[in-house]
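K.L.:
Please find run.pdb (PDB, C-alpha atoms) on the next line:
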MODEL        1
ATOM      1  CA  MET O 140      67.560  90.984   1.728
ATOM      2  CA  SER O 141      64.438  90.381  -0.361
ATOM      3  CA  GLY O 142      65.681  92.934  -2.893
ATOM      4  CA  LEU O 143      68.995  91.112  -3.180
ATOM      5  CA  ALA O 144      67.215  87.760  -3.486
ATOM      6  CA  GLY O 145      64.896  89.123  -6.148
ATOM      7  CA  THR O 146      67.775  90.542  -8.147
ATOM      8  CA  ALA O 147      69.699  87.291  -7.850
ATOM      9  CA  ALA O 148      66.621  85.393  -9.039
ATOM     10  CA  LYS O 149      66.575  87.469 -12.232
ATOM     11  CA  LEU O 150      70.100  86.281 -12.926
ATOM     12  CA  ALA O 151      69.199  82.611 -12.472
ATOM     13  CA  PRO O 152      68.983  81.980 -16.241
ATOM     14  CA  VAL O 153      72.474  83.440 -16.660
ATOM     15  CA  VAL O 154      73.833  81.141 -13.958
ATOM     16  CA  VAL O 155      72.063  78.083 -15.368
ATOM     17  CA  VAL O 156      73.173  78.576 -18.984
ATOM     18  CA  PHE O 157      76.689  79.783 -18.166
ATOM     19  CA  GLY O 158      77.115  77.109 -15.490
ATOM     20  CA  GLY O 159      75.743  74.480 -17.852
ATOM     21  CA  GLY O 160      78.487  75.279 -20.316
ATOM     22  CA  VAL O 161      81.115  74.997 -17.581
ATOM     23  CA  VAL O 162      79.740  71.645 -16.345
ATOM     24  CA  PHE O 163      79.412  70.200 -19.854
ATOM     25  CA  ALA O 164      83.022  71.109 -20.608
ATOM     26  CA  ARG O 165      84.394  69.874 -17.286
ATOM     27  CA  ARG O 166      82.554  66.533 -17.581
ATOM     28  CA  LYS O 167      83.447  66.312 -21.281
ATOM     29  CA  ILE O 168      79.811  65.950 -22.312
ATOM     30  CA  ILE O 169      80.575  68.575 -24.942
ATOM     31  CA  GLY O 170      84.240  69.233 -25.625
ATOM     32  CA  ALA O 171      85.523  72.680 -24.710
ATOM     33  CA  GLU O 172      86.881  73.001 -28.248
ATOM     34  CA  SER O 173      83.245  73.086 -29.422
ATOM     35  CA  SER O 174      82.920  76.499 -27.806
ATOM     36  CA  LYS O 175      84.370  78.003 -30.981
ATOM     37  CA  ALA O 176      81.434  76.729 -33.044
ATOM     38  CA  PHE O 177      78.928  78.162 -30.571
ATOM     39  CA  SER O 178      80.911  81.403 -30.347
ATOM     40  CA  ASP O 179      81.099  81.747 -34.109
ATOM     41  CA  PHE O 180      77.346  81.273 -34.434
ATOM     42  CA  ALA O 181      76.705  83.929 -31.799
ATOM     43  CA  PHE O 182      79.383  86.356 -32.962
ATOM     44  CA  LEU O 183      78.912  86.040 -36.715
ATOM     45  CA  PHE O 184      75.158  85.556 -36.956
ATOM     46  CA  ALA O 185      72.852  85.655 -33.918
ATOM     47  CA  ILE O 186      74.225  88.758 -32.188
ATOM     48  CA  PRO O 187      74.510  90.826 -35.406
ATOM     49  CA  CYS O 188      70.873  89.914 -36.160
ATOM     50  CA  TYR O 189      69.861  91.041 -32.676
ATOM     51  CA  LEU O 190      71.854  94.267 -32.880
ATOM     52  CA  PHE O 191      70.557  95.267 -36.299
ATOM     53  CA  GLY O 192      66.939  94.545 -35.422
ATOM     54  CA  SER O 193      67.112  96.257 -32.051
ATOM     55  CA  LEU O 194      68.898  99.365 -33.310
ATOM     56  CA  TYR O 195      66.520  99.674 -36.247
ATOM     57  CA  ALA O 196      63.531  99.617 -33.890
ATOM     58  CA  SER O 197      65.067 101.731 -31.100
ATOM     59  CA  ASP O 198      64.730 105.397 -30.284
ATOM     60  CA  LEU O 199      68.311 106.395 -31.057
ATOM     61  CA  GLY O 200      67.962 109.581 -29.045
ATOM     62  CA  GLN O 201      67.386 107.465 -25.939
ATOM     63  CA  VAL O 202      70.007 104.825 -26.776
ATOM     64  CA  PHE O 203      72.841 107.209 -27.639
ATOM     65  CA  ASP O 204      72.496 109.501 -24.643
ATOM     66  CA  PRO O 205      75.439 111.930 -25.052
ATOM     67  CA  VAL O 206      75.796 112.614 -21.322
ATOM     68  CA  ALA O 207      75.835 108.905 -20.480
ATOM     69  CA  ILE O 208      78.346 108.188 -23.235
ATOM     70  CA  ALA O 209      80.562 111.039 -22.034
ATOM     71  CA  ALA O 210      80.402 109.734 -18.460
ATOM     72  CA  TYR O 211      81.378 106.228 -19.500
ATOM     73  CA  LEU O 212      84.172 107.512 -21.745
ATOM     74  CA  ALA O 213      85.541 109.628 -18.886
ATOM     75  CA  THR O 214      85.438 106.601 -16.576
ATOM     76  CA  VAL O 215      87.315 104.431 -19.052
ATOM     77  CA  LEU O 216      89.934 107.085 -19.828
ATOM     78  CA  VAL O 217      90.709 107.534 -16.132
ATOM     79  CA  GLY O 218      90.952 103.772 -15.763
ATOM     80  CA  MET O 219      93.261 103.495 -18.771
ATOM     81  CA  VAL O 220      95.627 106.131 -17.391
ATOM     82  CA  VAL O 221      95.767 104.536 -13.938
ATOM     83  CA  VAL O 222      96.231 100.972 -15.200
ATOM     84  CA  GLY O 223      98.756 102.054 -17.830
ATOM     85  CA  PHE O 224     100.809 104.005 -15.295
ATOM     86  CA  ALA O 225     100.786 101.105 -12.824
ATOM     87  CA  ALA O 226     101.712  98.596 -15.523
ATOM     88  CA  ARG O 227     104.717 100.632 -16.692
ATOM     89  CA  ARG O 228     105.975 102.109 -13.426
ATOM     90  CA  VAL O 229     105.021  99.482 -10.833
ATOM     91  CA  ILE O 230     105.020  96.211 -12.762
ATOM     92  CA  GLY O 231     107.573  97.240 -15.374
ATOM     93  CA  ALA O 232     105.577  95.728 -18.236
ATOM     94  CA  ASP O 233     106.715  96.249 -21.813
ATOM     95  CA  VAL O 234     104.607  98.059 -24.431
ATOM     96  CA  ARG O 235     102.484  95.038 -25.359
ATOM     97  CA  GLY O 236     102.096  93.967 -21.737
ATOM     98  CA  THR O 237     100.927  97.455 -20.811
ATOM     99  CA  ALA O 238      98.341  97.482 -23.609
ATOM    100  CA  LEU O 239      97.083  94.049 -22.550
ATOM    101  CA  ARG O 240      96.710  95.154 -18.932
ATOM    102  CA  ILE O 241      94.834  98.281 -19.981
ATOM    103  CA  MET O 242      92.446  96.094 -21.946
ATOM    104  CA  ALA O 243      92.041  93.729 -18.985
ATOM    105  CA  GLY O 244      91.370  96.527 -16.528
ATOM    106  CA  VAL O 245      88.889  98.708 -18.408
ATOM    107  CA  GLN O 246      87.321  96.861 -21.336
ATOM    108  CA  VAL O 247      84.232  94.712 -20.822
ATOM    109  CA  ASN O 248      82.735  91.567 -22.293
ATOM    110  CA  THR O 249      79.842  93.157 -24.179
ATOM    111  CA  THR O 250      79.117  90.415 -26.708
ATOM    112  CA  TYR O 251      79.066  87.272 -24.601
ATOM    113  CA  PHE O 252      78.089  88.698 -21.216
ATOM    114  CA  ALA O 253      76.624  92.200 -21.202
ATOM    115  CA  ILE O 254      74.059  91.623 -23.959
ATOM    116  CA  PRO O 255      72.623  88.435 -22.361
ATOM    117  CA  VAL O 256      72.577  90.034 -18.904
ATOM    118  CA  PHE O 257      70.812  93.186 -20.132
ATOM    119  CA  VAL O 258      68.261  91.146 -22.053
ATOM    120  CA  LEU O 259      67.420  89.160 -18.925
ATOM    121  CA  LEU O 260      67.526  92.017 -16.415
ATOM    122  CA  PHE O 261      66.054  94.886 -18.428
ATOM    123  CA  ASP O 262      64.420  93.137 -21.436
ATOM    124  CA  ASP O 263      66.572  95.347 -23.629
ATOM    125  CA  ALA O 264      70.264  95.386 -24.546
ATOM    126  CA  ALA O 265      70.061  98.777 -26.282
ATOM    127  CA  PRO O 266      72.080 100.584 -23.548
ATOM    128  CA  VAL O 267      75.020  98.313 -24.390
ATOM    129  CA  PHE O 268      75.178  99.423 -28.045
ATOM    130  CA  PRO O 269      77.087 102.708 -27.487
ATOM    131  CA  THR O 270      79.602 100.800 -25.373
ATOM    132  CA  ILE O 271      80.133  98.269 -28.155
ATOM    133  CA  LEU O 272      80.860 101.012 -30.674
ATOM    134  CA  LEU O 273      83.014 102.993 -28.232
ATOM    135  CA  GLN O 274      84.974  99.904 -27.229
ATOM    136  CA  VAL O 275      85.526  98.532 -30.721
ATOM    137  CA  CYS O 276      85.926 101.784 -32.641
ATOM    138  CA  VAL O 277      88.042 103.643 -30.043
ATOM    139  CA  LEU O 278      89.430 101.567 -27.188
ATOM    140  CA  THR O 279      90.265  98.410 -29.142
ATOM    141  CA  VAL O 280      91.788 100.483 -31.930
ATOM    142  CA  VAL O 281      94.076 102.151 -29.371
ATOM    143  CA  VAL O 282      95.077  98.766 -27.922
ATOM    144  CA  ILE O 283      95.751  97.313 -31.390
ATOM    145  CA  ALA O 284      97.879 100.317 -32.340
ATOM    146  CA  ILE O 285      99.955  99.961 -29.151
ATOM    147  CA  MET O 286     100.275  96.193 -29.615
ATOM    148  CA  GLU O 287     101.388  96.557 -33.226
ATOM    149  CA  TYR O 288     103.861  99.273 -32.263
ATOM    150  CA  GLY O 289     105.339  97.036 -29.579
ATOM    151  CA  ALA O 290     105.531  94.070 -31.949
ATOM    152  CA  ALA O 291     107.266  96.224 -34.571
ATOM    153  CA  GLN O 292     109.831  97.339 -31.988
ATOM    154  CA  ASP O 293     110.705  93.689 -31.346
ATOM    155  CA  ASP O 294     110.721  92.789 -35.045
ATOM    156  CA  GLN O 295     112.577  95.393 -37.064
ATOM    157  CA  ASP O 296     111.490  93.769 -40.352
ATOM    158  CA  ARG O 297     107.814  94.216 -39.550
ATOM    159  CA  PRO O 298     106.226  97.285 -41.236
ATOM    160  CA  THR O 299     104.605  99.161 -38.371
ATOM    161  CA  ARG O 300     102.179 101.362 -40.312
ATOM    162  CA  ALA O 301     100.783  98.572 -42.477
ATOM    163  CA  ALA O 302     100.331  96.283 -39.465
ATOM    164  CA  VAL O 303      98.503  98.964 -37.498
ATOM    165  CA  ILE O 304      96.210  99.743 -40.438
ATOM    166  CA  ARG O 305      95.382  96.052 -40.911
ATOM    167  CA  GLY O 306      94.615  95.635 -37.220
ATOM    168  CA  ILE O 307      92.389  98.704 -37.087
ATOM    169  CA  SER O 308      90.540  97.672 -40.264
ATOM    170  CA  ALA O 309      89.916  94.240 -38.800
ATOM    171  CA  ALA O 310      88.474  95.772 -35.611
ATOM    172  CA  LEU O 311      86.154  98.116 -37.487
ATOM    173  CA  GLY O 312      85.066  95.393 -39.907
ATOM    174  CA  THR O 313      83.694  92.869 -37.406
ATOM    175  CA  PRO O 314      80.117  91.655 -38.030
ATOM    176  CA  ILE O 315      78.927  93.183 -34.759
ATOM    177  CA  VAL O 316      80.177  96.654 -35.639
ATOM    178  CA  ILE O 317      78.846  96.398 -39.194
ATOM    179  CA  ALA O 318      75.442  95.365 -37.815
ATOM    180  CA  CYS O 319      75.456  98.424 -35.554
ATOM    181  CA  TYR O 320      76.364 100.716 -38.457
ATOM    182  CA  LEU O 321      73.635  99.262 -40.684
ATOM    183  CA  GLY O 322      71.019  99.329 -37.926
ATOM    184  CA  VAL O 323      71.703 102.978 -37.119
ATOM    185  CA  ALA O 324      71.805 103.940 -40.811
ATOM    186  CA  ALA O 325      68.535 102.148 -41.593
ATOM    187  CA  ASN O 326      66.908 103.755 -38.547
ATOM    188  CA  VAL O 327      68.063 107.279 -39.425
ATOM    189  CA  ALA O 328      67.168 106.899 -43.120
ATOM    190  CA  ASP O 329      63.828 105.291 -42.180
ATOM    191  CA  VAL O 330      64.458 102.429 -44.600
ATOM    192  CA  PRO O 331      61.383 100.176 -44.795
ATOM    193  CA  VAL O 332      62.133  96.650 -43.597
ATOM    194  CA  PRO O 333      59.599  93.947 -44.543
ATOM    195  CA  GLU O 334      57.794  92.350 -41.623
ATOM    196  CA  TRP O 335      59.145  88.906 -42.467
ATOM    197  CA  VAL O 336      62.717  90.249 -42.315
ATOM    198  CA  GLY O 337      62.054  91.739 -38.889
ATOM    199  CA  ASP O 338      60.573  88.439 -37.691
ATOM    200  CA  ALA O 339      63.584  86.522 -39.022
ATOM    201  CA  LEU O 340      65.992  88.891 -37.276
ATOM    202  CA  ALA O 341      64.073  88.623 -34.010
ATOM    203  CA  PHE O 342      63.920  84.818 -34.245
ATOM    204  CA  SER O 343      67.664  84.590 -34.887
ATOM    205  CA  GLY O 344      68.510  87.253 -32.333
ATOM    206  CA  ASN O 345      66.628  85.421 -29.577
ATOM    207  CA  ALA O 346      69.305  82.730 -29.735
ATOM    208  CA  ALA O 347      72.116  85.226 -29.145
ATOM    209  CA  ALA O 348      71.966  85.473 -25.351
ATOM    210  CA  PRO O 349      71.802  81.779 -24.373
ATOM    211  CA  VAL O 350      74.235  80.605 -27.066
ATOM    212  CA  ALA O 351      76.782  83.300 -26.193
ATOM    213  CA  LEU O 352      76.610  82.462 -22.486
ATOM    214  CA  PHE O 353      76.828  78.729 -23.113
ATOM    215  CA  ALA O 354      79.821  79.228 -25.399
ATOM    216  CA  LEU O 355      81.585  81.313 -22.754
ATOM    217  CA  GLY O 356      80.846  78.646 -20.132
ATOM    218  CA  LEU O 357      82.253  75.921 -22.382
ATOM    219  CA  HIS O 358      85.387  77.948 -23.025
ATOM    220  CA  LEU O 359      86.005  78.736 -19.374
ATOM    221  CA  GLY O 360      85.107  75.213 -18.299
ATOM    222  CA  GLY O 361      87.869  73.929 -20.504
ATOM    223  CA  THR O 362      90.333  76.586 -19.367
ATOM    224  CA  GLY O 363      89.688  76.130 -15.666
ATOM    225  CA  LEU O 364      90.471  78.471 -12.767
ATOM    226  CA  ARG O 365      94.032  78.744 -11.551
ATOM    227  CA  LEU O 366      94.152  79.951  -7.947
ATOM    228  CA  ARG O 367      97.833  79.407  -7.312
ATOM    229  CA  GLY O 368     100.863  80.560  -9.207
ATOM    230  CA  ALA O 369      99.158  83.791 -10.245
ATOM    231  CA  ALA O 370     101.095  86.696 -11.714
ATOM    232  CA  ARG O 371     101.763  89.380  -9.135
ATOM    233  CA  ASP O 372      99.418  91.880 -10.758
ATOM    234  CA  GLU O 373      96.677  89.404 -11.660
ATOM    235  CA  TYR O 374      94.487  90.006  -8.630
ATOM    236  CA  ALA O 375      95.078  93.751  -8.790
ATOM    237  CA  LEU O 376      93.721  93.745 -12.345
ATOM    238  CA  ILE O 377      90.754  91.584 -11.301
ATOM    239  CA  ALA O 378      89.981  93.974  -8.439
ATOM    240  CA  CYS O 379      90.278  96.916 -10.817
ATOM    241  CA  LYS O 380      87.895  95.349 -13.332
ATOM    242  CA  CYS O 381      85.301  93.931 -10.941
ATOM    243  CA  VAL O 382      85.325  96.518  -8.133
ATOM    244  CA  ALA O 383      87.246  99.714  -8.890
ATOM    245  CA  LEU O 384      85.839 100.376 -12.378
ATOM    246  CA  PRO O 385      82.156 100.015 -11.357
ATOM    247  CA  LEU O 386      82.785 102.242  -8.348
ATOM    248  CA  LEU O 387      84.517 104.792 -10.544
ATOM    249  CA  ALA O 388      81.621 104.668 -13.018
ATOM    250  CA  PHE O 389      79.185 105.310 -10.161
ATOM    251  CA  VAL O 390      81.149 108.288  -8.830
ATOM    252  CA  VAL O 391      81.787 109.835 -12.248
ATOM    253  CA  ALA O 392      78.193 109.350 -13.453
ATOM    254  CA  GLU O 393      76.478 110.541 -10.268
ATOM    255  CA  TYR O 394      78.775 113.244  -8.928
ATOM    256  CA  VAL O 395      80.493 114.583 -12.051
ATOM    257  CA  PHE O 396      77.800 114.265 -14.727
ATOM    258  CA  GLY O 397      74.730 114.272 -12.474
ATOM    259  CA  ILE O 398      73.279 111.083 -13.963
ATOM    260  CA  THR O 399      70.537 109.385 -11.967
ATOM    261  CA  GLY O 400      67.811 106.826 -12.594
ATOM    262  CA  ARG O 401      68.106 103.955 -15.026
ATOM    263  CA  TRP O 402      71.199 105.273 -16.824
ATOM    264  CA  LEU O 403      73.131 105.309 -13.558
ATOM    265  CA  THR O 404      72.282 101.627 -13.148
ATOM    266  CA  TYR O 405      73.113 100.873 -16.782
ATOM    267  CA  LEU O 406      76.554 102.509 -16.619
ATOM    268  CA  VAL O 407      77.551 100.778 -13.391
ATOM    269  CA  VAL O 408      76.324  97.385 -14.613
ATOM    270  CA  ILE O 409      78.196  97.776 -17.907
ATOM    271  CA  ALA O 410      81.386  98.723 -16.044
ATOM    272  CA  ALA O 411      80.899  95.691 -13.778
ATOM    273  CA  MET O 412      80.972  93.252 -16.689
ATOM    274  CA  PRO O 413      83.994  90.897 -16.853
ATOM    275  CA  ALA O 414      87.078  91.323 -18.995
ATOM    276  CA  PRO O 415      86.458  90.648 -22.694
ATOM    277  CA  GLN O 416      86.998  87.178 -24.101
ATOM    278  CA  ASN O 417      89.177  88.542 -26.891
ATOM    279  CA  LEU O 418      91.733  89.567 -24.250
ATOM    280  CA  PHE O 419      92.985  85.986 -24.504
ATOM    281  CA  ILE O 420      92.935  86.167 -28.316
ATOM    282  CA  PHE O 421      95.033  89.343 -28.296
ATOM    283  CA  ALA O 422      97.477  87.823 -25.818
ATOM    284  CA  GLN O 423      97.971  84.815 -28.097
ATOM    285  CA  ARG O 424      98.221  86.880 -31.252
ATOM    286  CA  TYR O 425     100.864  89.219 -29.841
ATOM    287  CA  ASP O 426     102.570  86.569 -27.689
ATOM    288  CA  THR O 427     102.347  88.404 -24.396
ATOM    289  CA  ASP O 428     101.130  87.254 -20.946
ATOM    290  CA  VAL O 429      98.881  84.495 -22.325
ATOM    291  CA  ASP O 430      98.387  82.773 -18.958
ATOM    292  CA  LEU O 431      97.575  86.087 -17.300
ATOM    293  CA  ALA O 432      94.945  86.882 -19.926
ATOM    294  CA  ALA O 433      93.290  83.453 -19.659
ATOM    295  CA  ALA O 434      93.134  83.668 -15.860
ATOM    296  CA  ILE O 435      91.666  87.178 -15.857
ATOM    297  CA  VAL O 436      88.949  86.260 -18.378
ATOM    298  CA  ALA O 437      87.943  83.206 -16.349
ATOM    299  CA  LYS O 438      88.074  84.770 -12.893
ATOM    300  CA  THR O 439      86.411  88.079 -13.743
ATOM    301  CA  SER O 440      83.562  86.179 -15.417
ATOM    302  CA  VAL O 441      82.822  84.301 -12.201
ATOM    303  CA  ILE O 442      83.386  87.249  -9.851
ATOM    304  CA  ALA O 443      81.334  89.647 -11.982
ATOM    305  CA  LEU O 444      78.399  87.249 -11.925
ATOM    306  CA  VAL O 445      78.610  86.948  -8.129
ATOM    307  CA  LEU O 446      78.867  90.720  -7.562
ATOM    308  CA  LEU O 447      76.250  91.772 -10.106
ATOM    309  CA  PRO O 448      73.230  91.544  -7.720
ATOM    310  CA  LEU O 449      75.107  93.776  -5.286
ATOM    311  CA  TRP O 450      75.787  96.455  -7.915
ATOM    312  CA  LEU O 451      72.146  96.383  -8.962
ATOM    313  CA  LEU O 452      70.994  96.685  -5.367
ATOM    314  CA  ILE O 453      73.348  99.603  -4.672
ATOM    315  CA  THR O 454      72.457 101.621  -7.768
ATOM    316  CA  GLN O 455      68.724 100.961  -7.632
ATOM    317  CA  GLY O 456      68.604 101.619  -3.895
ATOM    318  CA  PHE O 457      70.556 104.861  -4.342
ATOM    319  CA  THR O 458      68.221 105.922  -7.138
ATOM    320  CA  ALA O 459      65.149 105.157  -5.053
ATOM    321  CA  ALA O 460      66.556 107.173  -2.175
TER
ENDMDL
END
Before we go any further, please render this structure as structure tokens.

P.N.:
Amino acid sequence: MSGLAGTAAKLAPVVVVFGGGVVFARRKIIGAESSKAFSDFAFLFAIPCYLFGSLYASDLGQVFDPVAIAAYLATVLVGMVVVGFAARRVIGADVRGTALRIMAGVQVNTTYFAIPVFVLLFDDAAPVFPTILLQVCVLTVVVIAIMEYGAAQDDQDRPTRAAVIRGISAALGTPIVIACYLGVAANVADVPVPEWVGDALAFSGNAAAPVALFALGLHLGGTGLRLRGAARDEYALIACKCVALPLLAFVVAEYVFGITGRWLTYLVVIAAMPAPQNLFIFAQRYDTDVDLAAAIVAKTSVIALVLLPLWLLITQGFTAA
């Protein structure tokens, strides 16, 4: 029990900052609409500064572990197939609804949740970087392509190819991805970065974790949690995201790829992160299952935070054994 208590204590800052955002929004101390300003600061400035500085200073051979990346990719691909099949055959979702459910079931909130959690738990968010690139450059591109294809089917006047290209370009051109590209390139090319630039990046990047968590808390505090009137597959998707995917990551990493030690913990913790905040944005943009997306983002954020000490205890205890 002491191990669980100790792990939970490490997450206290996450609870305080995230919960503070929820309370401030619920009590209208700071309006929930202000979450966009906080989110924009984190997304457009603080997190890119953190990512560039960290990647530039990291040992890329340790960060981009090919076996770990392969294990996580295999986990996500299995999850995508299972969720996609269930969405089409069991739920009867259309093309866009299927893509949205795949995103809800297997993608994770790296920017506003995983990075702060890894900074607090491990003093380093570097293990999250490959997931960011994999998710944005591969998984999100697949989801966008499916969404655009479905939208074009409904609107015959909409040029499918041009819409898909625009969506993919937008995904690959986000500040976070660009910061990752530049950080890796500067690291590989051994580009000299002045000390004052490094200090400025570190100073700005230190704000990324608390601001991102507070912004997410504000957003979810304004959205609220809807316990009744849920879509019939809502709780199945939540269970998939918060329980099945971390378990699958554990099994695939340990028993298929033979991963042990810290990377086993990293992969399970990453898989245990909640559904991404942009799930709601995609639902609005493509006009599909908006209420479902909002509920899944809110509920997985709370459930993931509650279950996180347990996942840490399981993986670390298994590693120690």

K.L.:
Set the distance at 10 Å and use only C-alpha atoms: which residues neighbour segment 171-181 of chain O once local chain neighbours fewer than 2 positions away are removed? I'd like the list as a PyMOL selection string.

P.N.:
chain O and resi 160-161+163-169+183-189+250-251+315+343-344+346-362

K.L.:
With distances taken over only C-alpha atoms, which of O:Val154, O:Val316, O:Ala410, O:Asp372 is nearest to Gly231 of chain O?

P.N.:
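Nearest to Gly231 of chain O: O:Asp372.
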
K.L.:
Give me the residues near Leu199 of chain O as JSON, numbers by chain, where near means some atom within 12 Å (using all atoms listed in the file) and where sequence neighbours in that chain fewer than 6 positions away do not count.

P.N.:
{"O": [193, 205, 265, 266, 268, 269, 319, 322, 323, 324, 325, 326, 327]}

K.L.:
Between O:Val155, O:Leu406, O:Ala284, O:Ala232, which one has atoms that come closest to Thr270 of chain O, using all atoms listed in the file?

P.N.:
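Of the candidates, the smallest distance to Thr270 of chain O is held by O:Leu406.
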
K.L.:
Please measure the separation of atom CA of Met219 of chain O and atom CA of Ile241 of chain O, giving the value in Å to one decimal.

P.N.:
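About the pair atom CA of Met219 of chain O and atom CA of Ile241 of chain O: they are 5.6 Å apart.
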
K.L.:
Which of these residues is nearest to Tyr320 of chain O, using all atoms listed in the file: O:Leu272, O:Leu447, O:Ala434, O:Val202?

P.N.:
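Smallest distance to Tyr320 of chain O is found for O:Leu272.
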
K.L.:
Compare O:Thr439, O:Gln423, O:Gln246, O:Thr214 by their minimum atom-to-atom distance to Glu373 of chain O, counting all atoms listed in the file, and give me the closest one.

P.N.:
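Looking at the shortest contact to Glu373 of chain O, the residue is O:Thr439.
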
K.L.:
Looking at all atoms listed in the file, which of O:Ala148, O:Ala196, O:Gly218, O:Val436 is the one that sits closest to Pro331 of chain O?

P.N.:
O:Ala196

K.L.:
Written as a count of residues only, which residues does the PyMOL selection byres ((chain O and resi 396) around 9) give for the file shown?

P.N.:
11

K.L.:
Of the candidates O:Leu150, O:Gly223, O:Tyr374, O:Ala443, which shows the shortest atom-to-atom distance to Phe257 of chain O, using only C-alpha atoms?

P.N.:
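Distance minimum relative to Phe257 of chain O lands on O:Leu150.
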
K.L.:
For Pro415 of chain O, work out the shell of residues within 10 Å, counting only C-alpha atoms and skipping chain neighbours fewer than 4 positions away, then give it as a PyMOL selection string.

P.N.:
chain O and resi 242-252+419-420+432+435-437+439-440
